[in-house]
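Undergrad: Pasting a structure below so you can have a look.
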Amino acid sequence: MVVEEAKLVEYVLGMLTHEENLMIEEWYKQSPENEKRLDQIYFILCVKDRMEVMNSVNPEEALSGFKNKLRNKSKFNVFRNHISIIQRVAAFLCIPLFLLSAYLFLKPAENSVQIVDVVTNAGMVSSFKLPDGTKVWLNSGSRLSYPTRFNDENRTVKLEGQGFFDVVKNPDKPFIVKTEENYSVKVYGTEFNVSAYKDDNYVETTLVSGSIELFAGNNSQKVKPGEKTIFDKRSCDLKVIKVNTEYDTAWKDGSIIFKNHTMEDVLKILGRHYNVRFVVKDQRVMSSVITGKFDYEQLPQLMEYLKIASGIKYEIKKPQIRDGIIIEKSVVEIYK
């Protein structure tokens with residue numbers, strides 16, 4: 001969940017509804033980073049004199065003191081108990097001056113490095129550029145973490161899910177893609193695809209052009225264009241095969257290509273692509289093998305192809321919506 005700074009300020013000032021307060025408090029508990037953000041905003045607001053805020057306050061010392069108080073009391077009670085003080089401070093602060101001080105405190109130093117997380121929603125594909133100009137395509141349900149400025153030694157990013165990278169060449173600074181497993185890909189300038197979803201048993205890397213070196217478990221492997229590596233996360237085995245790279249990269253252009261794919265793999269890929277959940281009512285369905293290419297087809301059209309190709313029957317159930325919010329995504333039941 002992403003919370004804007006303005007909403008956090010309104011929370012500390014007591015301007016939110018009860019439901020919104022509960023939402024912020026739940027967000028606050030989710031990570032140390034969230035705690036730090038709210039602590040910083042609280043510090044800015046909890047001042048006794050506007051001149052002290054602008055000229056003499058020591059942020060690190062004050063924040064340390066504030067954290068010590070939090071250790072002895074319920075954090076949210078501390079916020080609540082000081083709301084009246086904050087409101088009185090806000091009343092006499094010059095609003096533009098107040099906003100400027102908040103901005104200067106929260107604004108990262110120009111030389112600091114922040115971590116950016118790009119998350120692609122289910123059923124979507126996104127593309128963007130990294131600070132070095134490298135272009136990235138991020139597939140459905142994926143996340144890429146990268147610094148706002150790469151260091152002098154390398155260009156390291158972290159991937160969860162599937163991404164295609166068109167890396168800007170720099171022989172002095174390798175580009176490294178890490179996944180959560182003991183797996184990383186090292187390149188200098190090339191085009192390649194990495195698939196590393198958490199719920200998959202394999203991490204797959206396909207090289208389109210250039211050259212890469214990957215490190216998987218205790219193995220290292222140099223890869224040539226047209227080759228695909230498959231790393232088994234359970235056994236740590238690594239194998240290399242020759243492939244048509246279009247099969248593994250078509251997703252970034254909105255296409256899906258299957259070539260002798262098992263029904264299990266087909267349903268997993270389609271579930272991510274269309275943001276639906278498949279329920280197999282008859283395990284005989286899973287014996288089918290699928291080959292085909294699909295360009296921007298709607299789900300019903302694609303399901304009709306599967307019906308013809310494998311003799312399955314299906315029923316698409318609409319998502320469950322309550323108060324305008326989807327509480328259960330679409331379900332596709334499949335049977336013989």
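Starting from 1 in every chain, residues are counted up; chains themselves are A, B, ... following the order of the structure tokens, and ligands are numbered from 1 as listed.
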Extract the full set of strand (DSSP E) residues from segment 108-151 of chain A according to DSSP on the backbone, and format it as a list in words.
TA: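 After running DSSP on the backbone, segment 108-151 of chain A has strand (DSSP E) at Ile115, Val116, Asp117, Val118, Val119, Ser126, Ser127, Phe128, Lys129, Lys135, Val136, Trp137, Leu138, Arg143, Leu144, Ser145, Tyr146 and Pro147 of chain A.
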Undergrad: Which of these residues is nearest to Phe215 of chain A, using only C-alpha atoms: A:Val185, A:Asp117, A:Tyr202, A:Thr229?
TA: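 Nearest candidate to Phe215 of chain A out of A:Val185, A:Asp117, A:Tyr202, A:Thr229: A:Val185.
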Undergrad: Counting only C-alpha atoms, which residue out of A:Val167, A:Ala122, A:Ile269, A:Val331 sits closest to Trp251 of chain A?
TA: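 That would be A:Ile269, the residue with the smallest distance to Trp251 of chain A.
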Undergrad: Could you tell me, as a ChimeraX atom specification, which residues of segment 181-300 of chain A DSSP assigns to helix (DSSP H, G or I) when given the backbone?
TA: /A:246-253,263-274,283-287,299-300
